[in-house]
Structures are given as structure tokens and as C-alpha cells.
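Undergrad: The file below is upload.txt, compact mmCIF, C-alpha atoms:
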# COMPACT_ATOMS: atom_id res chain seq x y z
CA MET I 1 105.63 123.43 46.36
CA LYS I 2 106.80 122.24 49.75
CA THR I 3 110.17 120.56 49.72
CA ALA I 4 109.75 117.01 50.96
CA GLU I 5 111.91 115.91 53.83
CA ILE I 6 113.79 112.63 53.65
CA ILE I 7 113.42 110.19 56.50
CA TYR I 8 115.42 107.17 57.51
CA VAL I 9 113.51 104.61 59.53
CA ILE I 10 115.26 102.84 62.37
CA GLN I 11 113.34 99.89 63.66
CA PRO I 12 114.12 96.93 65.91
CA VAL I 13 113.71 93.65 64.02
CA GLU I 14 110.49 92.04 65.26
CA GLY I 15 110.23 88.71 63.49
CA GLU I 16 107.29 88.14 61.13
CA ASN I 17 105.72 91.40 62.26
CA ALA I 18 108.68 93.44 60.98
CA ARG I 19 107.40 93.62 57.39
CA VAL I 20 103.94 94.79 58.44
CA LEU I 21 105.39 97.44 60.75
CA HIS I 22 107.81 98.55 58.05
CA ASP I 23 105.10 98.94 55.40
CA GLU I 24 102.96 100.79 57.90
CA ILE I 25 105.63 103.31 58.85
CA VAL I 26 106.41 103.96 55.17
CA SER I 27 102.71 104.68 54.59
CA LEU I 28 102.72 107.03 57.57
CA ILE I 29 105.71 108.90 56.14
CA GLU I 30 103.96 109.33 52.80
CA SER I 31 100.71 110.35 54.51
CA ALA I 32 102.65 113.12 56.24
CA GLY I 33 103.66 114.46 52.85
CA ALA I 34 107.31 113.48 53.24
CA GLU I 35 109.60 111.36 51.14
CA TYR I 36 110.80 107.93 52.20
CA ALA I 37 114.52 107.41 51.55
CA GLY I 38 115.31 104.05 53.07
CA THR I 39 115.41 101.86 56.13
CA ILE I 40 118.17 101.00 58.53
CA TYR I 41 117.23 97.92 60.52
CA GLN I 42 118.76 97.57 63.92
CA GLY I 43 118.20 94.41 65.94
CA ILE I 44 118.41 95.07 69.68
CA ARG I 45 117.83 92.79 72.64
CA GLU I 46 116.56 95.53 74.88
CA ILE I 47 116.00 99.26 74.59
CA ASP I 48 118.81 101.39 75.97
CA PRO I 49 117.27 103.84 78.50
CA ALA I 50 119.61 106.64 77.41
CA THR I 51 119.93 106.25 73.64
CA TYR I 52 117.37 103.59 72.63
CA ILE I 53 119.85 101.56 70.53
CA GLY I 54 123.12 102.19 72.40
CA SER I 55 125.91 104.72 71.94
CA GLY I 56 128.01 102.41 69.76
CA LYS I 57 125.20 101.86 67.27
CA LEU I 58 124.48 105.59 67.24
CA SER I 59 128.10 106.30 66.35
CA GLU I 60 127.88 103.85 63.43
CA LEU I 61 124.61 105.44 62.33
CA ASN I 62 126.11 108.91 62.41
CA GLN I 63 128.86 107.79 60.05
CA ARG I 64 126.32 106.29 57.63
CA LEU I 65 124.32 109.53 57.58
CA GLU I 66 127.32 111.77 57.06
CA GLY I 67 126.64 114.33 54.36
CA LEU I 68 122.91 113.55 54.17
CA ASP I 69 120.24 116.11 55.05
CA VAL I 70 117.72 113.78 56.64
CA THR I 71 115.29 113.53 59.50
CA VAL I 72 115.77 110.39 61.58
CA LEU I 73 112.61 108.53 62.55
CA PHE I 74 112.56 105.84 65.21
CA ASN I 75 109.66 103.41 64.77
CA GLY I 76 108.87 103.38 68.46
CA GLU I 77 108.27 105.94 71.20
CA LEU I 78 111.26 107.90 72.47
CA SER I 79 111.47 109.48 75.89
CA PRO I 80 112.38 113.19 76.07
CA SER I 81 115.94 112.37 77.21
CA GLN I 82 116.38 109.73 74.51
CA THR I 83 115.35 112.21 71.81
CA LEU I 84 117.83 114.77 73.11
CA ASN I 85 120.68 112.25 73.50
CA ILE I 86 120.16 110.73 70.05
CA SER I 87 120.06 114.15 68.41
CA LYS I 88 123.34 115.12 70.07
CA ALA I 89 124.97 111.85 69.01
CA LEU I 90 123.85 112.48 65.41
CA ASP I 91 125.41 115.96 65.25
CA GLY I 92 122.19 117.80 65.96
CA ARG I 93 119.99 116.11 63.37
CA LYS I 94 116.25 116.33 63.79
CA VAL I 95 115.04 113.15 65.53
CA ILE I 96 111.38 112.20 65.79
CA ASP I 97 109.51 109.08 66.85
CA ARG I 98 106.39 107.31 65.64
CA THR I 99 104.07 109.28 67.92
CA THR I 100 105.40 112.60 66.64
CA LEU I 101 104.80 111.46 63.06
CA ILE I 102 101.22 110.35 63.81
CA LEU I 103 100.49 113.65 65.57
CA ASP I 104 101.83 115.48 62.54
CA ILE I 105 99.40 113.60 60.28
CA PHE I 106 96.55 114.32 62.71
CA ALA I 107 97.38 118.04 62.52
CA LEU I 108 97.31 117.83 58.75
CA ARG I 109 93.97 115.98 58.60
CA ALA I 110 91.88 117.67 61.31
CA LYS I 111 89.30 120.03 59.78
CA SER I 112 86.54 120.45 62.37
CA ASN I 113 86.94 122.61 65.46
CA GLU I 114 86.69 119.54 67.70
CA GLY I 115 89.30 117.69 65.68
CA LYS I 116 91.69 120.64 65.84
CA ILE I 117 91.20 120.94 69.59
CA GLN I 118 91.90 117.25 70.11
CA VAL I 119 95.02 117.35 67.94
CA GLU I 120 96.44 120.42 69.64
CA LEU I 121 95.70 118.97 73.07
CA ALA I 122 97.44 115.71 72.20
CA GLN I 123 100.44 117.57 70.78
CA LEU I 124 100.81 119.83 73.80
CA LYS I 125 100.54 116.93 76.24
CA TYR I 126 103.23 115.13 74.27
CA LEU I 127 105.41 118.22 74.03
CA TYR I 128 105.10 119.28 77.68
CA PRO I 129 107.44 116.70 79.28
CA ARG I 130 109.93 117.41 76.49
CA LEU I 131 110.29 121.05 77.57
CA LYS I 132 113.53 120.63 79.49
CA GLY I 133 114.56 124.20 79.97
CA LYS I 134 115.38 126.07 76.76
CA GLY I 135 117.34 123.25 75.20
CA GLU I 136 118.57 122.65 71.70
CA ALA I 137 115.67 120.36 70.81
CA LEU I 138 113.20 123.24 71.07
CA SER I 139 115.39 125.66 69.18
CA ARG I 140 115.17 123.46 66.09
CA LEU I 141 111.37 123.34 66.01
CA GLY I 142 109.74 125.37 63.31
CA GLY I 143 108.99 123.66 60.04
CA GLY I 144 108.71 120.34 58.28
CA ILE I 145 107.25 117.07 59.44
CA GLY I 146 106.74 116.56 63.11
CA THR I 147 106.29 120.29 63.71
CA ARG I 148 102.82 121.22 62.46
CA GLY I 149 100.43 123.11 64.67
CA PRO I 150 101.63 123.68 68.24
CA GLY I 151 104.85 121.85 67.36
CA GLU I 152 106.03 125.26 66.11
CA THR I 153 106.31 126.43 69.73
CA ARG I 154 109.10 128.97 70.10
CA LEU I 155 111.77 129.14 72.77
CA GLU I 156 109.96 131.79 74.83
CA THR I 157 106.98 129.46 75.42
CA ASP I 158 107.31 128.14 78.96
CA ARG I 159 105.73 125.28 80.86
CA ARG I 160 103.21 127.54 82.62
CA HIS I 161 101.88 128.84 79.31
CA ILE I 162 101.45 125.30 77.98
CA ARG I 163 99.73 124.15 81.19
CA ASN I 164 97.26 127.02 80.86
CA ARG I 165 96.67 126.23 77.21
CA ILE I 166 96.06 122.55 78.02
CA ARG I 167 93.50 123.51 80.67
CA ALA I 168 91.74 125.86 78.24
CA LEU I 169 91.59 123.20 75.53
CA GLU I 170 90.31 120.59 77.98
CA GLY I 171 87.55 123.00 78.97
CA ARG I 172 86.52 123.55 75.34
CA LEU I 173 86.63 119.82 74.68
CA SER I 174 84.48 119.18 77.75
CA GLU I 175 81.80 121.51 76.36
CA THR I 176 81.95 119.68 73.03
CA GLU I 177 81.56 116.33 74.82
CA LYS I 178 78.47 117.65 76.64
CA ARG I 179 76.89 118.64 73.32
CA ARG I 180 77.75 115.26 71.85
CA SER I 181 76.23 113.52 74.87
CA LEU I 182 73.00 115.48 74.35
CA GLN I 183 72.97 114.43 70.69
CA VAL I 184 73.37 110.77 71.69
CA SER I 185 70.54 111.09 74.24
CA ARG I 186 68.27 112.73 71.67
CA ARG I 187 68.95 110.00 69.11
CA LYS I 188 68.14 107.31 71.65
CA LYS I 189 64.95 109.12 72.64
CA GLU I 190 63.93 109.39 68.99
CA GLN I 191 64.83 105.71 68.49
CA ILE I 192 67.39 106.47 65.78
CA ARG I 193 69.71 103.46 65.46
CA THR I 194 73.37 104.34 65.07
CA ILE I 195 75.72 102.14 63.05
CA ALA I 196 79.41 102.91 63.62
CA LEU I 197 82.13 102.19 61.07
CA VAL I 198 85.25 101.20 62.99
CA GLY I 199 88.46 99.54 61.96
CA TYR I 200 92.05 99.87 60.94
CA THR I 201 93.02 102.99 59.06
CA ASN I 202 92.80 102.86 55.26
CA THR I 203 90.53 99.80 55.04
CA GLY I 204 87.80 101.59 53.09
CA LYS I 205 85.42 102.84 55.80
CA SER I 206 84.82 106.19 54.08
CA THR I 207 84.23 104.47 50.74
CA LEU I 208 81.65 102.24 52.40
CA LEU I 209 79.97 105.29 53.99
CA ASN I 210 79.75 106.98 50.60
CA HIS I 211 78.25 103.97 48.83
CA LEU I 212 75.69 103.21 51.56
CA THR I 213 74.53 106.80 52.07
CA GLY I 214 75.34 108.65 48.86
CA ALA I 215 77.65 111.00 50.76
CA GLU I 216 80.80 112.49 49.28
CA VAL I 217 83.27 112.05 52.13
CA LEU I 218 86.95 112.33 51.22
CA VAL I 219 88.34 109.01 50.02
CA LYS I 220 92.10 108.82 49.76
CA ASP I 221 94.64 106.00 49.74
CA ALA I 222 96.44 107.29 52.82
CA LEU I 223 96.53 106.53 56.52
CA PHE I 224 94.20 108.67 58.66
CA ALA I 225 92.66 110.27 55.55
CA THR I 226 89.48 110.77 57.61
CA LEU I 227 90.09 112.12 61.09
CA ASP I 228 86.89 113.96 61.98
CA PRO I 229 83.76 111.86 62.57
CA THR I 230 81.15 111.98 59.81
CA ALA I 231 77.49 110.98 60.26
CA ARG I 232 75.06 110.34 57.39
CA ALA I 233 71.52 108.97 57.26
CA PHE I 234 70.58 105.90 55.24
CA GLU I 235 67.73 103.40 55.11
CA ILE I 236 67.23 99.67 55.18
CA GLU I 237 63.74 98.54 54.13
CA GLY I 238 62.67 102.14 54.56
CA VAL I 239 63.81 102.20 58.21
CA PRO I 240 66.14 105.14 58.95
CA PHE I 241 69.60 104.57 60.41
CA LEU I 242 72.56 106.84 61.12
CA LEU I 243 75.93 105.68 59.81
CA VAL I 244 78.98 107.18 61.53
CA ASP I 245 82.53 107.03 60.19
CA THR I 246 85.27 107.22 62.85
CA VAL I 247 89.03 107.71 62.95
CA GLY I 248 90.96 104.59 61.98
CA PHE I 249 93.10 102.59 64.36
CA LEU I 250 96.73 101.63 64.02
CA GLN I 251 98.93 98.94 65.53
CA SER I 252 100.43 100.02 68.87
CA LEU I 253 98.65 103.38 68.76
CA PRO I 254 99.91 105.20 71.88
CA HIS I 255 97.38 105.15 74.70
CA HIS I 256 97.38 108.93 75.16
CA LEU I 257 96.46 109.40 71.50
CA ILE I 258 93.48 107.08 71.93
CA GLU I 259 92.39 109.06 74.98
CA ALA I 260 92.79 112.33 73.07
CA PHE I 261 90.25 111.13 70.52
CA ARG I 262 87.95 109.46 72.99
CA SER I 263 85.16 112.01 72.46
CA THR I 264 85.36 111.42 68.69
CA LEU I 265 84.99 107.69 69.30
CA GLU I 266 81.99 108.11 71.61
CA SER I 267 79.76 107.42 68.60
CA ALA I 268 81.36 103.97 68.36
CA LEU I 269 81.13 103.29 72.08
CA ASN I 270 77.43 104.26 72.17
CA CYS I 271 76.35 102.71 68.86
CA ASP I 272 73.62 100.11 68.41
CA LEU I 273 75.87 98.13 66.08
CA ALA I 274 79.49 98.43 64.96
CA LEU I 275 80.84 97.37 61.59
CA VAL I 276 84.46 96.30 62.03
CA VAL I 277 85.85 96.94 58.56
CA CYS I 278 88.97 95.01 57.51
CA ASP I 279 90.97 94.84 54.29
CA ALA I 280 90.44 91.28 53.01
CA SER I 281 93.48 91.64 50.76
CA GLY I 282 95.74 92.69 53.63
CA GLU I 283 96.62 91.64 57.18
CA TYR I 284 92.97 91.39 58.19
CA GLU I 285 93.54 89.24 61.29
CA MET I 286 95.92 91.84 62.73
CA GLN I 287 93.52 94.65 61.75
CA MET I 288 90.57 92.95 63.45
CA ARG I 289 92.61 92.12 66.56
CA THR I 290 93.95 95.68 66.87
CA THR I 291 90.51 97.27 66.40
CA LEU I 292 88.68 95.07 68.91
CA SER I 293 91.49 95.29 71.46
CA THR I 294 91.53 99.09 71.27
CA LEU I 295 87.74 99.34 71.54
CA ASN I 296 87.60 96.90 74.45
CA ASP I 297 90.22 98.95 76.29
CA MET I 298 87.82 101.89 75.98
CA GLY I 299 84.88 99.94 77.41
CA PHE I 300 83.18 98.98 74.14
CA SER I 301 80.31 96.51 74.62
CA SER I 302 78.03 96.92 71.58
CA PRO I 303 77.32 94.07 69.15
CA TYR I 304 79.37 94.10 65.97
CA LEU I 305 79.70 92.58 62.50
CA VAL I 306 83.04 91.86 60.86
CA VAL I 307 83.04 93.28 57.33
CA MET I 308 85.72 92.11 54.91
CA ASN I 309 86.17 94.87 52.34
CA LYS I 310 88.07 94.64 49.02
CA CYS I 311 86.99 91.02 48.56
CA ASP I 312 87.20 91.51 44.81
CA LEU I 313 90.98 91.42 45.26
CA VAL I 314 90.90 88.02 47.02
CA GLU I 315 90.96 84.77 45.04
CA ASN I 316 90.14 82.40 47.90
CA ARG I 317 87.35 83.81 50.04
CA GLU I 318 86.98 80.48 51.85
CA ALA I 319 90.00 81.46 53.94
CA LEU I 320 88.22 84.55 55.30
CA PRO I 321 86.36 84.40 58.66
CA LYS I 322 83.16 82.40 58.15
CA ASP I 323 80.87 84.83 59.96
CA ALA I 324 82.22 87.90 58.15
CA VAL I 325 80.29 89.82 55.48
CA CYS I 326 82.31 89.92 52.25
CA ILE I 327 81.98 93.14 50.26
CA SER I 328 83.78 95.47 47.90
CA ALA I 329 82.59 98.96 48.77
CA SER I 330 84.17 100.55 45.69
CA ASN I 331 81.96 98.56 43.27
CA ASP I 332 78.91 97.86 45.49
CA LEU I 333 79.65 94.13 45.76
CA GLY I 334 77.80 92.56 48.71
CA LEU I 335 76.22 95.78 50.01
CA GLU I 336 72.66 94.42 49.87
CA GLU I 337 73.79 91.39 51.88
CA LEU I 338 75.47 93.75 54.35
CA LYS I 339 72.21 95.67 54.79
CA ARG I 340 70.36 92.40 55.40
CA ARG I 341 72.92 91.35 58.01
CA ILE I 342 72.72 94.75 59.72
CA PHE I 343 68.95 94.54 59.99
CA ASP I 344 69.14 90.93 61.15
CA ALA I 345 71.68 91.86 63.85
CA LEU I 346 69.19 94.42 65.19
CA LYS I 347 66.12 92.21 64.79
CA ASP I 348 65.30 92.30 68.51
CA GLN I 349 64.74 96.05 68.24
CA PHE I 350 61.97 95.86 65.61
CA VAL I 351 58.54 94.35 65.19
CA ARG I 352 56.98 93.49 61.83
CA ALA I 353 53.27 94.19 61.89
CA GLU I 354 50.12 94.00 59.83
CA LEU I 355 47.70 96.63 61.06
CA CYS I 356 44.04 97.23 60.30
CA ILE I 357 43.13 100.91 60.54
CA PRO I 358 39.35 101.52 60.48
CA TYR I 359 38.52 104.72 58.62
CA GLU I 360 36.91 106.21 61.74
CA LYS I 361 40.26 105.79 63.56
CA MET I 362 42.47 107.30 60.86
CA ALA I 363 42.93 110.50 62.87
CA GLN I 364 44.09 108.48 65.89
CA TYR I 365 46.51 106.51 63.68
CA SER I 366 47.92 109.62 62.01
CA VAL I 367 49.10 110.92 65.41
CA ILE I 368 51.46 107.96 65.86
CA ARG I 369 52.07 107.13 62.20
CA SER I 370 55.55 108.75 62.18
CA LEU I 371 56.74 106.17 64.73
CA LEU I 372 56.64 103.31 62.21
CA THR I 373 57.81 102.60 58.66
CA GLU I 374 55.04 101.65 56.28
CA GLN I 375 56.02 98.89 53.87
CA ALA I 376 52.72 98.60 52.02
CA VAL I 377 49.19 100.01 52.31
CA GLU I 378 45.98 98.42 50.94
CA TYR I 379 42.60 100.13 51.20
CA THR I 380 39.51 97.96 51.78
CA ASP I 381 35.85 98.61 52.52
CA ASP I 382 36.52 98.46 56.26
CA GLY I 383 39.74 100.46 56.40
CA ALA I 384 43.42 100.44 55.51
CA ILE I 385 45.61 97.33 55.84
CA VAL I 386 49.14 98.47 56.66
CA LYS I 387 52.24 96.28 56.61
CA ALA I 388 54.88 98.03 58.68
CA ILE I 389 58.08 97.81 60.68
CA ILE I 390 57.80 99.28 64.17
CA PRO I 391 60.58 99.93 66.69
CA ALA I 392 59.94 97.47 69.54
CA TYR I 393 59.93 100.42 71.96
CA TYR I 394 56.75 101.76 70.29
CA ALA I 395 55.01 98.46 69.48
CA GLN I 396 52.60 98.76 72.39
CA LYS I 397 51.10 101.93 70.88
CA PHE I 398 49.82 99.95 67.89
CA THR I 399 48.28 96.90 69.58
CA SER I 400 44.75 98.24 69.15
CA PHE I 401 45.26 98.24 65.37
CA SER I 402 47.05 94.93 65.15
CA ARG I 403 45.95 92.07 62.92
CA ASP I 404 49.39 90.43 63.12
CA LEU I 405 51.98 91.96 65.43
CA ARG I 406 55.10 89.84 65.61
CA HIS I 407 58.72 90.21 66.56
CA ASN I 408 61.16 90.72 63.69
CA SER I 409 62.93 87.46 64.59
CA ASP I 410 59.72 85.39 64.29
CA PRO I 411 59.24 83.33 61.11
Written as C-alpha cells, how would this file's structure read?
TA:
Amino acid sequence: MKTAEIIYVIQPVEGENARVLHDEIVSLIESAGAEYAGTIYQGIREIDPATYIGSGKLSELNQRLEGLDVTVLFNGELSPSQTLNISKALDGRKVIDRTTLILDIFALRAKSNEGKIQVELAQLKYLYPRLKGKGEALSRLGGGIGTRGPGETRLETDRRHIRNRIRALEGRLSETEKRRSLQVSRRKKEQIRTIALVGYTNTGKSTLLNHLTGAEVLVKDALFATLDPTARAFEIEGVPFLLVDTVGFLQSLPHHLIEAFRSTLESALNCDLALVVCDASGEYEMQMRTTLSTLNDMGFSSPYLVVMNKCDLVENREALPKDAVCISASNDLGLEELKRRIFDALKDQFVRAELCIPYEKMAQYSVIRSLLTEQAVEYTDDGAIVKAIIPAYYAQKFTSFSRDLRHNSDP
């Protein structure tokens, strides 16, 4: 069994947000498979460009850590020189920042080839500016948290080798993005509506995917439990949809990490409808704000529904956003209402129709029959009466059979 490392968290005090950030970083530590030992809070007015918290505070910290075998985690992003200076001031202790920890979890979670490529690319881009010669910081890499995957780079690896590796990975990722783009184009051509599950990490997106589609995607009470995108088919009123689970967001997620997973999030950017999943029993306002802000920064423009999950844990649902759909994915609470709201949000894309198919035109109808979803069929002396839902894009093909062809939004 792997020996867990012990981490001390050093974090500037940030008012009311301090508790949320603290709980989040503890969850990240545990998600990385490490052990949380405690927190040292350090209030600072401004970040010291050389040592983050100042040399005097570092000296005090070094005394407090004397005799302890710990990794020091700063809940912020350290520059290469800050990391090196802090490590020296702490007698050579391993020092990592929040980004390093998140990358470590990504390396642990990525299973698909695309996910592994994106993780390695993000790690190498983060490591590259930290390759200052053959310094002490590199000599200590080689095991434990913050060093998975390419973090195990040895001293002999030079900047040219990493540049070449970055170019190679970018080329492989570009090919993957082309294939994904073709998939998106094919889905649009086939009129397959895509519903994207987006939201803060660990809000229950994978659980919702499983209960809507019958899939068996990993569900775990951990941050970034699902890193690779997962797509599963499901139906509403017999109409097929594609539900896509995406990587979760996090407060102050570094911009370059978002860019690294941009291709994974293309399914969200190109979806017909997004479900912004929030934890109703947690800091849902922050979760919703973080998710929408991150998506908007990436050029997101699709319609969306706010879904409040874990509502069974909330006593006063009146306090939740009025336009949100309240559900509990783990026990199927509110899922039928969610399906109704999804279909209603996409009502402009469908037509409800009552068609009359004369028997002599059955062959003509059978050619285009796969384009609609039959709700009910009644056979009469003159032909078949079909109640159906038709994608608006194909409605024109059925006008010759129409007894009552009306838009889905009509009464």
C-alpha cells in the first residue's frame, strides 16, 4: 500500500470565501490519495514576488515544521522562482502549489488516450518554465503527489526534449480534435440533439448520467472523479438524445488547465442544451457562477437549464433559484420533471404531428419513417393515422401526409 504523504496547507485569509477554499483544497488533497495533516493560515496584504509570503514568515514556518516529514502546499499558484526560494528557505522540503496538485489528480484520473495526452501536455507546459538549469527542484522529483506522469522527469531531460514532446502531443491532440469535429458534424447532420452535463466538480453529474441513461459510469465522492468525457444515448417521449458528461470545474481553475481540456469540453460548447448541475446542499451560487463564467470565457452560447441536485438534503427549497429544476439523481427524485423541462427547452426544434398515411403510399412513407418518432399508430379503412414527433428540420418532408402538423410550442 502506498504511503500517504502529509501536507500542510498555507493559504492567505480571504474573508468569507476562506472556508470554502479551505474545504476545497482538503478535498483535493484527499482526491490525490494523500493525507491531510493540518492548515497554517497566513494573512498577507500582498504576495511577495520572491517568496509569496515573505522571508520572515517563511523562517517562522520552517521552525514550526522542524522534525516533520511533510510536503508544503500553497493554495495559490507559485512562480518557478517562488517555488525554488520557498523550498530553500524550508531546508529543501518539497513545495507544490494548487496547480501542481490538480495536475496530479488529472494524471491519476485520465483513462482515455485523449485524456492522457491532455494531462501530459498540461503538465509539460507547466513544468517547462520551471526547468531552470539542473537545479535542486528537479533533482527531488520522482515519487509522491505532484509528481505523477511526466512530473517524474529526470535531470537529464532538457528544455529541447520537452519542447519536442509538447509539439508531438499537440499534433496528436489536433488529430483527435479533427475526429471530434467530424463526430459533431455527423450528429448535427443526423439531427441528434446533444445535452451536455456541466458544472462544478463533485456535484453529481455522473450519477445523473447513470440514472437518465442506465450507464455505469464511475461515481465517487471525490473531486475530478470523472475526467474523460462520456456520452450515452437516452430518450424523452421516444425521441433520442445524446447525454455527455464533462470534466467538472473548480474555483479559480488556472486558465492554461482550461485550455488544455478545451477539446474535451467541445461537447459542451457545441451542445443543443447544457444542464448546469449544482449541489443544492452546498455553495450552489458559487458553483453556478464559476461554471457559467468559465464556459463564457470559452465562448459558450448554448441555452442551459440550472439543475439543483441533492435536493433531498435541503429543508427549504424555496430558497433555491426559482427557475432551477430540483432533483436528487441518486434516488430518481424529479427526473421526469427534468426530462419535461429538457424537451420544453428544445421545443422550437420539434414538431408534433398527426399524419394520415394512405395504404397506397405506405412505401413512400417507409422511406422517411426513420426521420420521426411515432407516438401512436391507428389503422383505419383509409390508412394509418400516426401521431408523431418530427425534428423541425424534416417537417417539410411530411406535409403531404399531414392532418395536423403543428409546432411543439403550439397548444
Undergrad: With distances taken over all atoms listed in the file, which of I:Gly299, I:Gly214, I:Gly115, I:Gly54 is nearest to Arg172 in chain I?
TA: I:Gly115
Undergrad: Counting all atoms listed in the file, what is within 7 Å of Ile195 in chain I, bar same-chain residues fewer than 5 positions away, as a VMD selection string?
TA: chain I and resid 242 to 244 271 to 274
Undergrad: Taking all listed atoms of range 367-375 of chain I, build the axis-aligned box, pad each of the six sides by 3 Å, then write its centre and edge lengths in Å to one decimal as JSON.
TA:
{"center_x": 53.5, "center_y": 104.9, "center_z": 59.9, "size_x": 14.7, "size_y": 18.0, "size_z": 18.0}
Undergrad: Which one of I:Ala18, I:Pro254, I:Ser370, I:Arg193 sits closest to Asp97 in chain I if you count all atoms listed in the file?
TA: I:Pro254
Undergrad: Could you tell me how far CA of Ile258 in chain I sits from CA of Ala107 in chain I, in Å to one decimal place?
TA: 15.0 Å
Undergrad: May I have the residues within 10 Å of Ala319 in chain I as a ChimeraX atom specification, using all atoms listed in the file and disregarding those fewer than 4 positions away in the same chain?
TA: /I:280,314-315
Undergrad: Between I:Leu78, I:Leu257, I:Val70, I:Ala392, which residue has the minimum interatomic distance to Leu124 in chain I, considering all atoms listed in the file?
TA: I:Leu257
